[in-house]
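> Sharing model_15.txt, compact mmCIF, C-alpha atoms (C1' of nucleotides):
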```
# COMPACT_ATOMS: atom_id res chain seq x y z
CA MET A 1 67.22 -116.48 -81.02
CA ASN A 2 70.32 -117.16 -79.03
CA PHE A 3 71.84 -114.07 -77.48
CA ASP A 4 74.03 -116.00 -75.13
CA LEU A 5 77.30 -115.26 -76.88
CA ILE A 6 76.84 -111.51 -77.02
CA LEU A 7 75.59 -111.30 -73.44
CA ARG A 8 78.62 -113.21 -72.22
CA ASN A 9 80.80 -110.95 -74.33
CA ILE A 10 79.36 -107.93 -72.54
CA ALA A 11 79.45 -109.59 -69.12
CA ARG A 12 83.21 -109.92 -69.39
CA HIS A 13 83.43 -106.15 -68.98
CA VAL A 14 80.30 -104.86 -67.23
CA SER A 15 77.51 -106.59 -65.34
CA LEU A 16 73.89 -106.10 -66.32
CA THR A 17 70.61 -106.95 -64.63
CA GLU A 18 68.32 -109.36 -66.40
CA SER A 19 65.98 -106.57 -67.44
CA GLU A 20 68.87 -104.55 -68.83
CA GLN A 21 69.92 -107.60 -70.81
CA ASN A 22 66.42 -108.00 -72.19
CA TYR A 23 66.23 -104.34 -73.06
CA PHE A 24 69.54 -104.53 -74.87
CA VAL A 25 68.84 -107.60 -76.97
CA GLN A 26 65.55 -106.12 -78.18
CA HIS A 27 67.61 -103.73 -80.29
CA LEU A 28 69.68 -106.41 -82.00
CA ARG A 29 68.72 -107.35 -85.55
CA PRO A 30 69.88 -110.84 -86.56
CA PHE A 31 71.12 -111.06 -90.13
CA THR A 32 72.88 -113.59 -92.31
CA VAL A 33 75.60 -112.62 -94.78
CA ARG A 34 76.22 -115.23 -97.48
CA LYS A 35 79.77 -116.02 -98.47
CA LYS A 36 81.27 -113.39 -100.82
CA THR A 37 78.35 -111.02 -100.32
CA GLN A 38 78.68 -107.70 -98.62
CA LEU A 39 77.27 -106.42 -95.38
CA LEU A 40 78.53 -102.94 -96.20
CA LYS A 41 79.88 -101.41 -99.41
CA ALA A 42 82.33 -98.50 -99.41
CA GLY A 43 80.40 -95.38 -100.36
CA ASP A 44 77.12 -96.49 -98.83
CA SER A 45 75.87 -94.89 -95.67
CA CYS A 46 76.62 -96.94 -92.59
CA VAL A 47 74.95 -96.99 -89.23
CA ASP A 48 75.41 -100.51 -87.90
CA THR A 49 77.93 -102.24 -85.71
CA ALA A 50 77.97 -106.01 -86.21
CA PHE A 51 78.64 -108.77 -83.71
CA VAL A 52 79.53 -112.08 -85.34
CA THR A 53 77.93 -115.27 -83.99
CA ARG A 54 78.93 -117.64 -86.82
CA GLY A 55 81.27 -117.57 -89.79
CA CYS A 56 83.82 -114.90 -90.67
CA LEU A 57 83.79 -111.36 -92.04
CA LYS A 58 86.57 -109.16 -93.40
CA ALA A 59 86.66 -105.35 -93.45
CA PHE A 60 88.84 -103.77 -96.11
CA SER A 61 89.45 -100.59 -98.02
CA VAL A 62 90.09 -100.48 -101.74
CA ASP A 63 92.87 -98.16 -102.90
CA LYS A 64 93.15 -96.14 -106.10
CA ASP A 65 94.66 -99.14 -107.95
CA GLY A 66 91.74 -101.33 -106.92
CA GLU A 67 93.83 -103.23 -104.38
CA GLU A 68 92.10 -104.55 -101.28
CA HIS A 69 93.70 -103.82 -97.87
CA ILE A 70 92.18 -105.82 -95.05
CA LEU A 71 91.84 -103.86 -91.84
CA SER A 72 90.25 -106.58 -89.75
CA PHE A 73 88.65 -109.98 -89.66
CA ALA A 74 85.79 -110.92 -87.37
CA VAL A 75 85.05 -114.44 -86.20
CA PRO A 76 82.40 -115.44 -83.63
CA ASP A 77 82.49 -113.32 -80.47
CA TRP A 78 84.08 -110.36 -82.33
CA TRP A 79 82.64 -106.95 -83.19
CA ILE A 80 83.22 -105.28 -86.54
CA ALA A 81 82.20 -101.95 -88.05
CA ASP A 82 83.28 -98.99 -90.13
CA LEU A 83 83.76 -96.82 -87.08
CA TYR A 84 84.87 -93.86 -89.15
CA ALA A 85 81.62 -93.83 -91.10
CA ILE A 86 79.54 -94.42 -88.01
CA ILE A 87 80.93 -91.58 -85.95
CA SER A 88 81.34 -89.09 -88.78
CA GLY A 89 78.12 -89.88 -90.60
CA ALA A 90 80.10 -89.83 -93.85
CA PRO A 91 79.82 -92.56 -96.51
CA ALA A 92 81.58 -95.80 -95.64
CA ILE A 93 85.27 -96.07 -96.49
CA LEU A 94 85.34 -99.77 -95.73
CA THR A 95 83.67 -102.74 -97.36
CA ILE A 96 82.61 -105.56 -95.06
CA GLU A 97 82.28 -108.91 -96.77
CA ALA A 98 81.66 -112.50 -95.69
CA VAL A 99 84.58 -114.91 -96.04
CA GLN A 100 82.19 -117.70 -95.00
CA ASP A 101 78.42 -117.72 -94.52
CA THR A 102 78.10 -115.55 -91.46
CA ASP A 103 75.47 -114.74 -88.85
CA VAL A 104 75.61 -111.34 -87.23
CA LEU A 105 73.65 -109.27 -84.75
CA LEU A 106 73.32 -105.68 -85.90
CA LEU A 107 73.07 -102.66 -83.63
CA SER A 108 72.40 -99.25 -85.15
CA ARG A 109 74.26 -96.20 -83.91
CA THR A 110 70.95 -94.58 -82.95
CA ASP A 111 69.99 -97.54 -80.80
CA GLN A 112 73.48 -97.76 -79.37
CA GLU A 113 73.30 -94.15 -78.28
CA LYS A 114 69.82 -94.57 -76.89
CA ILE A 115 70.95 -97.58 -74.87
CA CYS A 116 74.05 -95.75 -73.66
CA ASN A 117 71.96 -92.80 -72.50
CA GLU A 118 69.50 -95.02 -70.68
CA ILE A 119 72.04 -97.44 -69.24
CA PRO A 120 75.31 -95.53 -68.82
CA ARG A 121 77.13 -98.76 -68.09
CA PHE A 122 76.96 -99.32 -71.85
CA ASP A 123 79.09 -96.24 -72.37
CA LYS A 124 81.62 -97.96 -70.18
CA PHE A 125 81.29 -101.23 -72.08
CA PHE A 126 81.78 -99.64 -75.46
CA ARG A 127 84.60 -97.52 -74.08
CA ILE A 128 86.42 -100.66 -72.97
CA LEU A 129 85.67 -102.40 -76.26
CA VAL A 130 87.10 -99.51 -78.26
CA GLU A 131 90.09 -99.24 -75.92
CA LYS A 132 91.01 -102.86 -76.58
CA ASN A 133 90.64 -102.31 -80.30
CA LEU A 134 92.81 -99.22 -80.16
CA VAL A 135 95.54 -101.08 -78.30
CA ALA A 136 95.44 -103.87 -80.90
CA SER A 137 95.54 -101.36 -83.75
CA GLN A 138 98.51 -99.55 -82.21
CA GLN A 139 100.42 -102.76 -81.70
CA ARG A 140 99.81 -103.68 -85.29
CA LEU A 141 101.13 -100.30 -86.41
CA ILE A 142 104.29 -100.83 -84.38
CA ASN A 143 104.65 -104.37 -85.70
CA ASN A 144 104.28 -103.18 -89.29
CA MET A 145 107.02 -100.64 -88.66
CA SER A 146 109.46 -102.88 -86.81
CA MET A 147 109.04 -106.40 -88.22
CA THR A 148 109.65 -107.99 -91.61
CA ALA A 149 106.78 -109.59 -93.51
CA GLU A 150 107.98 -113.05 -92.50
CA GLU A 151 108.05 -112.14 -88.81
CA ARG A 152 104.55 -110.69 -89.07
CA TYR A 153 103.29 -113.82 -90.80
CA ILE A 154 104.76 -116.10 -88.13
CA GLN A 155 103.22 -113.92 -85.44
CA PHE A 156 99.87 -114.04 -87.24
CA LEU A 157 99.98 -117.84 -87.30
CA GLY A 158 100.55 -117.92 -83.55
CA LYS A 159 97.99 -115.24 -82.73
CA TYR A 160 95.09 -116.25 -84.99
CA PRO A 161 95.26 -119.99 -85.64
CA MET A 162 91.51 -119.95 -86.36
CA LEU A 163 91.86 -117.47 -89.19
CA THR A 164 94.74 -119.42 -90.65
CA GLU A 165 92.39 -122.27 -91.38
CA LEU A 166 89.34 -120.21 -92.30
CA VAL A 167 90.72 -117.52 -94.54
CA PRO A 168 92.37 -117.86 -97.98
CA LEU A 169 96.08 -117.01 -98.09
CA HIS A 170 95.68 -113.99 -100.32
CA ASN A 171 93.43 -112.46 -97.64
CA ILE A 172 96.08 -113.08 -95.01
CA ALA A 173 98.62 -111.44 -97.32
CA SER A 174 96.33 -108.44 -97.65
CA TYR A 175 95.96 -108.22 -93.86
CA LEU A 176 99.74 -108.40 -93.44
CA GLY A 177 100.20 -105.66 -96.02
CA ILE A 178 102.04 -107.76 -98.61
CA THR A 179 101.23 -109.29 -102.01
CA PRO A 180 99.95 -112.87 -102.25
CA GLU A 181 102.98 -113.75 -104.39
CA PHE A 182 105.35 -112.62 -101.72
CA LEU A 183 103.47 -114.49 -98.98
CA SER A 184 103.79 -117.59 -101.12
CA LYS A 185 107.54 -117.06 -101.33
CA ILE A 186 107.76 -116.60 -97.57
CA ARG A 187 105.91 -119.88 -97.08
CA ALA A 188 108.22 -121.67 -99.54
CA ARG A 189 111.24 -120.31 -97.68
CA MET A 190 109.79 -121.38 -94.31
CA ALA A 191 109.00 -124.89 -95.59
CA LYS A 192 112.54 -125.25 -96.90
CA GLY A 193 114.04 -123.89 -93.69
CA SER A 194 112.19 -126.38 -91.49
CA ARG A 195 113.18 -129.42 -93.57
CA MET B 1 96.22 -72.98 -62.85
CA ASN B 2 94.53 -72.68 -66.20
CA PHE B 3 92.23 -75.57 -66.99
CA ASP B 4 90.50 -73.77 -69.77
CA LEU B 5 92.01 -75.80 -72.59
CA ILE B 6 91.13 -79.18 -71.15
CA LEU B 7 87.61 -78.11 -70.19
CA ARG B 8 86.97 -76.85 -73.70
CA ASN B 9 88.41 -80.09 -75.05
CA ILE B 10 85.86 -82.02 -73.02
CA ALA B 11 83.04 -79.62 -73.79
CA ARG B 12 83.39 -80.40 -77.48
CA HIS B 13 81.98 -83.87 -76.77
CA VAL B 14 79.92 -83.74 -73.55
CA SER B 15 78.55 -80.89 -71.46
CA LEU B 16 79.33 -80.63 -67.79
CA THR B 17 77.91 -78.50 -64.99
CA GLU B 18 80.25 -76.11 -63.26
CA SER B 19 80.48 -78.33 -60.19
CA GLU B 20 81.30 -81.34 -62.35
CA GLN B 21 84.04 -79.32 -63.98
CA ASN B 22 85.46 -78.36 -60.61
CA TYR B 23 85.29 -81.91 -59.40
CA PHE B 24 87.12 -83.11 -62.50
CA VAL B 25 89.96 -80.61 -62.46
CA GLN B 26 90.70 -81.41 -58.80
CA HIS B 27 92.09 -84.74 -59.99
CA LEU B 28 94.47 -83.26 -62.53
CA ARG B 29 98.15 -83.06 -61.58
CA PRO B 30 100.07 -80.39 -63.50
CA PHE B 31 103.56 -81.46 -64.47
CA THR B 32 106.36 -80.15 -66.66
CA VAL B 33 108.50 -82.42 -68.81
CA ARG B 34 111.79 -80.89 -69.89
CA LYS B 35 113.00 -81.37 -73.44
CA LYS B 36 114.54 -84.83 -74.00
CA THR B 37 113.41 -86.09 -70.63
CA GLN B 38 110.89 -88.83 -70.20
CA LEU B 39 107.41 -88.78 -68.77
CA LEU B 40 107.27 -92.56 -69.03
CA LYS B 41 109.95 -95.19 -69.67
CA ALA B 42 109.19 -98.54 -71.27
CA GLY B 43 109.25 -101.17 -68.55
CA ASP B 44 108.04 -98.85 -65.80
CA SER B 45 104.56 -99.18 -64.43
CA CYS B 46 102.17 -96.68 -65.92
CA VAL B 47 98.93 -95.30 -64.61
CA ASP B 48 98.60 -91.82 -66.05
CA THR B 49 96.99 -90.34 -69.10
CA ALA B 50 98.48 -86.98 -70.07
CA PHE B 51 96.83 -83.96 -71.63
CA VAL B 52 99.30 -81.54 -73.22
CA THR B 53 98.85 -77.81 -72.63
CA ARG B 54 102.21 -76.61 -73.98
CA GLY B 55 105.08 -78.09 -75.96
CA CYS B 56 105.22 -81.47 -77.65
CA LEU B 57 105.59 -85.11 -76.63
CA LYS B 58 106.31 -88.25 -78.60
CA ALA B 59 105.34 -91.82 -77.70
CA PHE B 60 107.48 -94.57 -79.19
CA SER B 61 108.47 -98.17 -78.80
CA VAL B 62 112.02 -99.42 -79.09
CA ASP B 63 112.53 -102.61 -81.07
CA LYS B 64 115.07 -105.39 -80.55
CA ASP B 65 117.67 -103.50 -82.63
CA GLY B 66 117.26 -100.41 -80.46
CA GLU B 67 115.34 -98.55 -83.16
CA GLU B 68 112.70 -96.06 -82.10
CA HIS B 69 109.24 -96.28 -83.72
CA ILE B 70 107.05 -93.29 -83.00
CA LEU B 71 103.42 -94.19 -82.42
CA SER B 72 102.14 -90.70 -81.78
CA PHE B 73 102.96 -87.09 -81.11
CA ALA B 74 101.00 -84.84 -78.78
CA VAL B 75 100.81 -81.07 -79.07
CA PRO B 76 98.59 -78.79 -76.98
CA ASP B 77 94.98 -79.95 -76.78
CA TRP B 78 95.97 -83.60 -77.38
CA TRP B 79 95.87 -86.58 -75.07
CA ILE B 80 98.63 -89.16 -74.92
CA ALA B 81 99.20 -92.36 -72.94
CA ASP B 82 100.41 -95.93 -73.06
CA LEU B 83 96.88 -97.28 -73.21
CA TYR B 84 98.08 -100.87 -73.35
CA ALA B 85 99.93 -100.52 -70.05
CA ILE B 86 97.09 -98.60 -68.44
CA ILE B 87 94.36 -101.08 -69.21
CA SER B 88 96.41 -104.23 -68.75
CA GLY B 89 98.35 -103.09 -65.70
CA ALA B 90 101.48 -104.53 -67.33
CA PRO B 91 104.77 -102.62 -67.56
CA ALA B 92 104.81 -99.87 -70.17
CA ILE B 93 105.73 -100.84 -73.71
CA LEU B 94 106.01 -97.23 -74.80
CA THR B 95 108.37 -94.45 -73.82
CA ILE B 96 106.92 -90.94 -73.72
CA GLU B 97 109.47 -88.18 -74.12
CA ALA B 98 109.38 -84.42 -74.55
CA VAL B 99 110.40 -83.06 -77.95
CA GLN B 100 110.12 -79.56 -76.45
CA ASP B 101 109.65 -78.40 -72.88
CA THR B 102 106.11 -79.54 -72.26
CA ASP B 103 103.36 -78.90 -69.72
CA VAL B 104 100.88 -81.67 -69.10
CA LEU B 105 97.93 -82.40 -66.87
CA LEU B 106 98.07 -85.95 -65.55
CA LEU B 107 95.06 -88.08 -64.71
CA SER B 108 95.60 -91.45 -63.04
CA ARG B 109 93.60 -94.45 -64.16
CA THR B 110 92.20 -94.81 -60.63
CA ASP B 111 90.92 -91.25 -60.64
CA GLN B 112 89.65 -91.61 -64.16
CA GLU B 113 87.62 -94.63 -63.15
CA LYS B 114 86.36 -92.95 -60.02
CA ILE B 115 85.24 -89.94 -62.05
CA CYS B 116 83.60 -92.17 -64.66
CA ASN B 117 81.67 -94.01 -61.98
CA GLU B 118 80.49 -90.83 -60.33
CA ILE B 119 79.79 -88.89 -63.51
CA PRO B 120 78.88 -91.45 -66.18
CA ARG B 121 79.10 -88.75 -68.83
CA PHE B 122 82.86 -89.16 -68.54
CA ASP B 123 82.54 -92.73 -69.74
CA LYS B 124 80.92 -91.26 -72.80
CA PHE B 125 83.62 -88.63 -73.18
CA PHE B 126 86.44 -91.12 -72.97
CA ARG B 127 84.57 -93.50 -75.24
CA ILE B 128 84.37 -90.79 -77.90
CA LEU B 129 88.00 -89.83 -77.36
CA VAL B 130 89.15 -93.40 -77.83
CA GLU B 131 86.84 -93.86 -80.83
CA LYS B 132 88.46 -90.93 -82.60
CA ASN B 133 91.90 -92.30 -81.80
CA LEU B 134 90.94 -95.71 -83.11
CA VAL B 135 89.68 -94.25 -86.36
CA ALA B 136 92.93 -92.32 -86.78
CA SER B 137 94.99 -95.40 -85.99
CA GLN B 138 93.05 -97.49 -88.50
CA GLN B 139 93.44 -94.91 -91.23
CA ARG B 140 97.15 -94.81 -90.59
CA LEU B 141 97.32 -98.60 -90.89
CA ILE B 142 95.54 -98.44 -94.23
CA ASN B 143 97.77 -95.60 -95.40
CA ASN B 144 100.90 -97.52 -94.43
CA MET B 145 99.64 -100.46 -96.47
CA SER B 146 98.49 -98.57 -99.54
CA MET B 147 100.79 -95.58 -99.94
CA THR B 148 104.49 -95.11 -100.67
CA ALA B 149 106.71 -93.33 -98.17
CA GLU B 150 106.68 -90.18 -100.31
CA GLU B 151 102.89 -90.10 -100.42
CA ARG B 152 102.72 -90.58 -96.67
CA TYR B 153 105.20 -87.77 -96.11
CA ILE B 154 103.26 -85.37 -98.32
CA GLN B 155 100.08 -86.30 -96.49
CA PHE B 156 101.81 -85.74 -93.17
CA LEU B 157 102.88 -82.25 -94.23
CA GLY B 158 99.30 -81.39 -95.11
CA LYS B 159 97.79 -82.96 -92.02
CA TYR B 160 100.19 -81.83 -89.30
CA PRO B 161 101.84 -78.56 -90.37
CA MET B 162 102.49 -77.78 -86.68
CA LEU B 163 104.55 -80.89 -86.17
CA THR B 164 106.50 -80.25 -89.33
CA GLU B 165 107.95 -77.14 -87.74
CA LEU B 166 108.26 -78.48 -84.20
CA VAL B 167 109.69 -81.93 -84.66
CA PRO B 168 113.10 -82.95 -86.05
CA LEU B 169 113.03 -84.76 -89.38
CA HIS B 170 114.35 -88.05 -88.06
CA ASN B 171 111.35 -88.15 -85.71
CA ILE B 172 109.01 -87.61 -88.64
CA ALA B 173 110.81 -90.41 -90.48
CA SER B 174 110.29 -92.66 -87.48
CA TYR B 175 106.58 -91.79 -87.37
CA LEU B 176 106.26 -92.53 -91.09
CA GLY B 177 108.01 -95.86 -90.63
CA ILE B 178 111.10 -95.08 -92.73
CA THR B 179 114.77 -94.31 -92.07
CA PRO B 180 115.95 -90.69 -91.74
CA GLU B 181 118.28 -91.22 -94.73
CA PHE B 182 115.41 -92.23 -96.95
CA LEU B 183 113.27 -89.30 -95.82
CA SER B 184 116.15 -87.05 -96.74
CA LYS B 185 116.25 -88.59 -100.21
CA ILE B 186 112.51 -88.12 -100.60
CA ARG B 187 112.90 -84.46 -99.69
CA ALA B 188 115.76 -84.03 -102.17
CA ARG B 189 113.63 -85.61 -104.89
CA MET B 190 110.67 -83.37 -104.03
CA ALA B 191 112.83 -80.24 -104.05
CA LYS B 192 114.22 -81.17 -107.44
CA GLY B 193 110.76 -82.02 -108.80
CA SER B 194 109.32 -78.65 -107.83
CA ARG B 195 112.11 -76.63 -109.41
C1' DC C 1 135.60 -72.22 -81.60
C1' DG C 2 134.71 -76.99 -80.79
C1' DT C 3 131.57 -80.60 -79.94
C1' DC C 4 127.43 -82.92 -80.55
C1' DT C 5 123.52 -83.93 -83.06
C1' DA C 6 120.80 -83.60 -87.24
C1' DT C 7 120.67 -83.86 -92.08
C1' DT C 8 122.39 -85.01 -96.56
C1' DT C 9 124.77 -87.78 -100.10
C1' DG C 10 126.41 -91.97 -102.39
C1' DA C 11 127.21 -96.85 -103.30
C1' DA C 12 125.93 -101.42 -102.42
C1' DT C 13 122.36 -104.40 -100.75
C1' DG C 14 117.96 -106.38 -99.43
C1' DT C 15 113.15 -106.68 -99.09
C1' DA C 16 109.11 -106.72 -101.37
C1' DC C 17 106.58 -105.80 -105.86
C1' DT C 18 105.15 -106.53 -110.83
C1' DC C 19 104.11 -109.22 -114.51
C1' DA C 20 103.63 -113.49 -116.71
C1' DA C 21 102.82 -118.11 -116.55
C1' DA C 22 102.23 -122.60 -114.58
C1' DA C 23 100.35 -125.68 -111.24
C1' DG C 24 96.84 -126.99 -107.91
C1' DC C 25 92.12 -127.37 -106.28
C1' DG C 26 87.08 -127.42 -106.17
C1' DG C 27 83.05 -127.45 -107.97
C1' DT C 28 79.75 -128.27 -111.83
C1' DG C 29 77.70 -130.24 -115.74
C1' DG C 30 77.68 -133.38 -119.38
C1' DC D 1 83.25 -140.17 -113.56
C1' DC D 2 85.82 -137.11 -115.89
C1' DA D 3 86.53 -132.72 -118.36
C1' DC D 4 86.41 -128.17 -117.88
C1' DC D 5 86.14 -123.72 -115.68
C1' DG D 6 87.24 -120.33 -112.34
C1' DC D 7 89.83 -119.18 -108.56
C1' DT D 8 93.86 -119.72 -105.47
C1' DT D 9 98.56 -120.56 -104.88
C1' DT D 10 103.12 -121.11 -106.57
C1' DT D 11 107.28 -120.06 -109.36
C1' DG D 12 110.60 -117.18 -111.84
C1' DA D 13 112.73 -113.15 -113.87
C1' DG D 14 113.22 -108.42 -113.74
C1' DT D 15 112.42 -104.12 -111.17
C1' DA D 16 111.39 -100.65 -107.63
C1' DC D 17 111.25 -99.06 -103.13
C1' DA D 18 113.61 -98.64 -99.07
C1' DT D 19 117.67 -99.91 -96.02
C1' DT D 20 122.49 -100.13 -94.55
C1' DC D 21 126.80 -98.33 -93.90
C1' DA D 22 130.11 -94.82 -94.38
C1' DA D 23 131.26 -90.29 -94.84
C1' DA D 24 130.52 -85.45 -95.70
C1' DT D 25 127.96 -81.22 -94.46
C1' DA D 26 125.21 -78.35 -91.85
C1' DG D 27 123.21 -76.48 -87.53
C1' DA D 28 122.75 -75.74 -82.62
C1' DC D 29 124.56 -74.98 -78.25
C1' DG D 30 127.76 -74.20 -74.64
```
Could you write out this structure as structure tokens?


Amino acid sequence: MNFDLILRNIARHVSLTESEQNYFVQHLRPFTVRKKTQLLKAGDSCVDTAFVTRGCLKAFSVDKDGEEHILSFAVPDWWIADLYAIISGAPAILTIEAVQDTDVLLLSRTDQEKICNEIPRFDKFFRILVEKNLVASQQRLINNMSMTAEERYIQFLGKYPMLTELVPLHNIASYLGITPEFLSKIRARMAKGSR
Amino acid sequence: MNFDLILRNIARHVSLTESEQNYFVQHLRPFTVRKKTQLLKAGDSCVDTAFVTRGCLKAFSVDKDGEEHILSFAVPDWWIADLYAIISGAPAILTIEAVQDTDVLLLSRTDQEKICNEIPRFDKFFRILVEKNLVASQQRLINNMSMTAEERYIQFLGKYPMLTELVPLHNIASYLGITPEFLSKIRARMAKGSR
DNA sequence: CGTCTATTTGAATGTACTCAAAAGCGGTGG
DNA sequence: CCACCGCTTTTGAGTACATTCAAATAGACG
């Protein structure tokens, strides 16, 4: 099993001894999520954080009209989880589904806490990880409030070129908070404008 | 100086010895922000996280048209900061301003890191603090995508009754991501509906 | 009282949505 | 190899939600 990617991901924020690395990876459970199948279903109990090593996942909530709202994507080297469910212990509010066949490394909350207690540097690592996520989430909130759908789409193209190729357009629309029809109209307008 | 509130805030997540508590509070700098004055201006360098003990602050970004978009409020027992600026070291993107005369306790990033290194339990505390913020931020993103302005306003009233009384309506509109005029129309509609 | 800011109201407009249908695209099986 | 099926994307007409701009009203403060 190749834990290189996740160890380098951690090493960008905190440094670990070799034995700490070995101890950590012992708690990871490799798992494969086939395209269009679900790693987590809203309503189920949820204890795992996932680190993607191949493929692509999406995390979304389903509203009362059955509409999907994508909260985040995860490509290799990204973490993804239903943090609300994990820290509250309540049933999941998110569904996590594979956009492509995806390999993940799973870490249960129990193991995460055990590791954090034994190697406090992991508290620091996860603190930094969550801080970066919070910053990204806040920027997205501000963008949603201050930019039009077209501006957000253009920004998305620049920021996540990978996802642009990997993910169907209606998923991008859902992430941007608009309907697929309207995204299509934005694209038509942009194509016309650049001719 | 009364550090009771902040110590109880911390104690809800991690337990500290008395000497750890004393060590921690030594790094706090009490400060008062007068109504309509700014604790932080966008563009300035920013190193402090603030804990509110009295009054109310708002954190907002100003877009290219000069419009204010409120990212968060902070009432007593809440933390507030421009996390992006703090962790990146870049100039602040947020402005933090007092809605009412407000007392805060300031903690610099340098001191925070020093404390975290010396008492690793603080890494855990701040990790949990940021986790809760991230969950709230994510839920707000989903709400903004799946609910109408009226639904979001009604939810706001239920969730933050304090702020409803403390904060002017145009600030609530800004937090909800709508114009003050439209909030006014929503309120008129609601008043009519409930008669 | 007068001034300043906050809130409301109204008309016109724009951005994004709904619904319906057509077109495109990939796979699968005959 | 092509016909068909399911799914994604596009297109169009009509509509709804929210904004803009302008002006009136209401409140707060010196």

> Please measure the separation of CA of Glu113 in chain A and CA of Lys132 in chain A, giving the value in Å to one decimal.

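Interatomic distance here is 19.8 Å.
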
> Select, as a short mmCIF file (atom, residue, chain, number, x, y, z; two decimals) with C-alpha atoms (C1' of nucleotides), in the coordinates of the input, those residues of chain C with any atom no more than 12 Å from chain A (distances computed using only C-alpha atoms (C1' of nucleotides)).


```cif
data_model
loop_
_atom_site.label_atom_id
_atom_site.label_comp_id
_atom_site.auth_asym_id
_atom_site.auth_seq_id
_atom_site.Cartn_x
_atom_site.Cartn_y
_atom_site.Cartn_z
"C1'" DG C 14 117.96 -106.38 -99.43
"C1'" DT C 15 113.15 -106.68 -99.09
"C1'" DA C 16 109.11 -106.72 -101.37
"C1'" DC C 17 106.58 -105.80 -105.86
"C1'" DT C 18 105.15 -106.53 -110.83
"C1'" DC C 19 104.11 -109.22 -114.51
#
```

> Please check the contacts: residues of chain D at most 12 Å away from chain A, using all atoms listed in the file, listed as a PyMOL selection string.

chain D and resi 7-12

> Using C-alpha atoms (C1' of nucleotides), can you write the selected residues to a file as a PDB file, in the coordinates of the input?


```
ATOM      1  C1'  DC D   7      89.830-119.180-108.560  1.00  0.00           C
ATOM      2  C1'  DT D   8      93.860-119.720-105.470  1.00  0.00           C
ATOM      3  C1'  DT D   9      98.560-120.560-104.880  1.00  0.00           C
ATOM      4  C1'  DT D  10     103.120-121.110-106.570  1.00  0.00           C
ATOM      5  C1'  DT D  11     107.280-120.060-109.360  1.00  0.00           C
ATOM      6  C1'  DG D  12     110.600-117.180-111.840  1.00  0.00           C
TER       7       DG D  12
END
```

> Leaving out DA12 in chain C and any residue of its chain fewer than 3 positions from it, which residues lie within 12 Å of it when counting all atoms listed in the file, given as a compact mmCIF listing (two decimals) with C-alpha atoms (C1' of nucleotides), in the frame of the given file?


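Dumped everything to part.txt:
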```txt
# COMPACT_ATOMS: atom_id res chain seq x y z
C1' DT D 19 117.67 -99.91 -96.02
C1' DT D 20 122.49 -100.13 -94.55
C1' DC D 21 126.80 -98.33 -93.90
C1' DA D 22 130.11 -94.82 -94.38
```

> Please, which residues in chain A fall within 8 Å of chain B when counting only C-alpha atoms, and what is the closest atom pair and distance in Å to one decimal for each, ordered by chain then residue number, as a Markdown table?


```
| residue | atom | partner | partner_atom | distance |
| --- | --- | --- | --- | --- |
| A:Ser61 | CA | B:Ile142 | CA | 7.5 |
| A:Asp63 | CA | B:Ser146 | CA | 6.6 |
| A:His69 | CA | B:Ile142 | CA | 6.8 |
| A:Leu71 | CA | B:Ile142 | CA | 7.0 |
| A:Leu83 | CA | B:Val135 | CA | 6.5 |
| A:Tyr84 | CA | B:Val135 | CA | 5.6 |
| A:Pro120 | CA | B:Pro120 | CA | 6.0 |
| A:Arg121 | CA | B:Pro120 | CA | 7.8 |
| A:Asp123 | CA | B:Lys124 | CA | 5.3 |
| A:Lys124 | CA | B:Asp123 | CA | 5.3 |
| A:Phe126 | CA | B:Arg127 | CA | 6.7 |
| A:Arg127 | CA | B:Arg127 | CA | 4.2 |
| A:Ile128 | CA | B:Arg127 | CA | 7.7 |
| A:Val130 | CA | B:Glu131 | CA | 6.2 |
| A:Glu131 | CA | B:Val130 | CA | 6.2 |
| A:Asn133 | CA | B:Leu134 | CA | 7.2 |
| A:Leu134 | CA | B:Leu134 | CA | 5.0 |
| A:Val135 | CA | B:Tyr84 | CA | 5.6 |
| A:Ser137 | CA | B:Ser137 | CA | 6.4 |
| A:Gln138 | CA | B:Ser137 | CA | 6.6 |
| A:Arg140 | CA | B:Leu141 | CA | 8.0 |
| A:Leu141 | CA | B:Leu141 | CA | 6.1 |
| A:Ile142 | CA | B:His69 | CA | 6.8 |
| A:Met145 | CA | B:Gly177 | CA | 5.3 |
| A:Ser146 | CA | B:Asp63 | CA | 6.5 |
| A:Gly177 | CA | B:Met145 | CA | 5.2 |
| A:Ile178 | CA | B:Met145 | CA | 8.0 |
```

> Between B:Leu57, B:Val75, B:Leu107, B:Ala42, which is the closest to Ala90 in chain B once you count only C-alpha atoms?

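Of B:Leu57, B:Val75, B:Leu107, B:Ala42, the one nearest Ala90 in chain B is B:Ala42, counting only C-alpha atoms.
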
> Please, what distance in Å, to one decimal, runs between CA of Pro76 in chain A and CA of Ile186 in chain A?

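Computing it gives 29.0 Å between the two atoms.
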
> Provide the CA of Met162 in chain B to CA of Ile96 in chain B distance in Å, to one decimal place.

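CA of Ile96 in chain B lies at a distance of 19.0 Å from CA of Met162 in chain B.
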
> If you count all atoms listed in the file, which residues fall within 12 Å of DA24 in chain D, apart from same-chain ones fewer than 3 positions away, as a VMD selection string?

chain C and resid 7 to 10

> Show which residues sit within 8 Å of Val104 in chain A, as a ChimeraX atom specification. Count only C-alpha atoms (C1' of nucleotides), and ignore same-chain residues fewer than 2 positions away.

/A:30-33,50-54,102,106

> Please give the centre and size of the box around range 133-150 of chain B (axis-aligned, containing every atom listed in the file, 8 Å added per side), with values in Å to one decimal and written as AutoDock Vina command-line options.


```
--center_x 98.2 --center_y -95.3 --center_z -91.2 --size_x 33.0 --size_y 26.3 --size_z 34.9
```
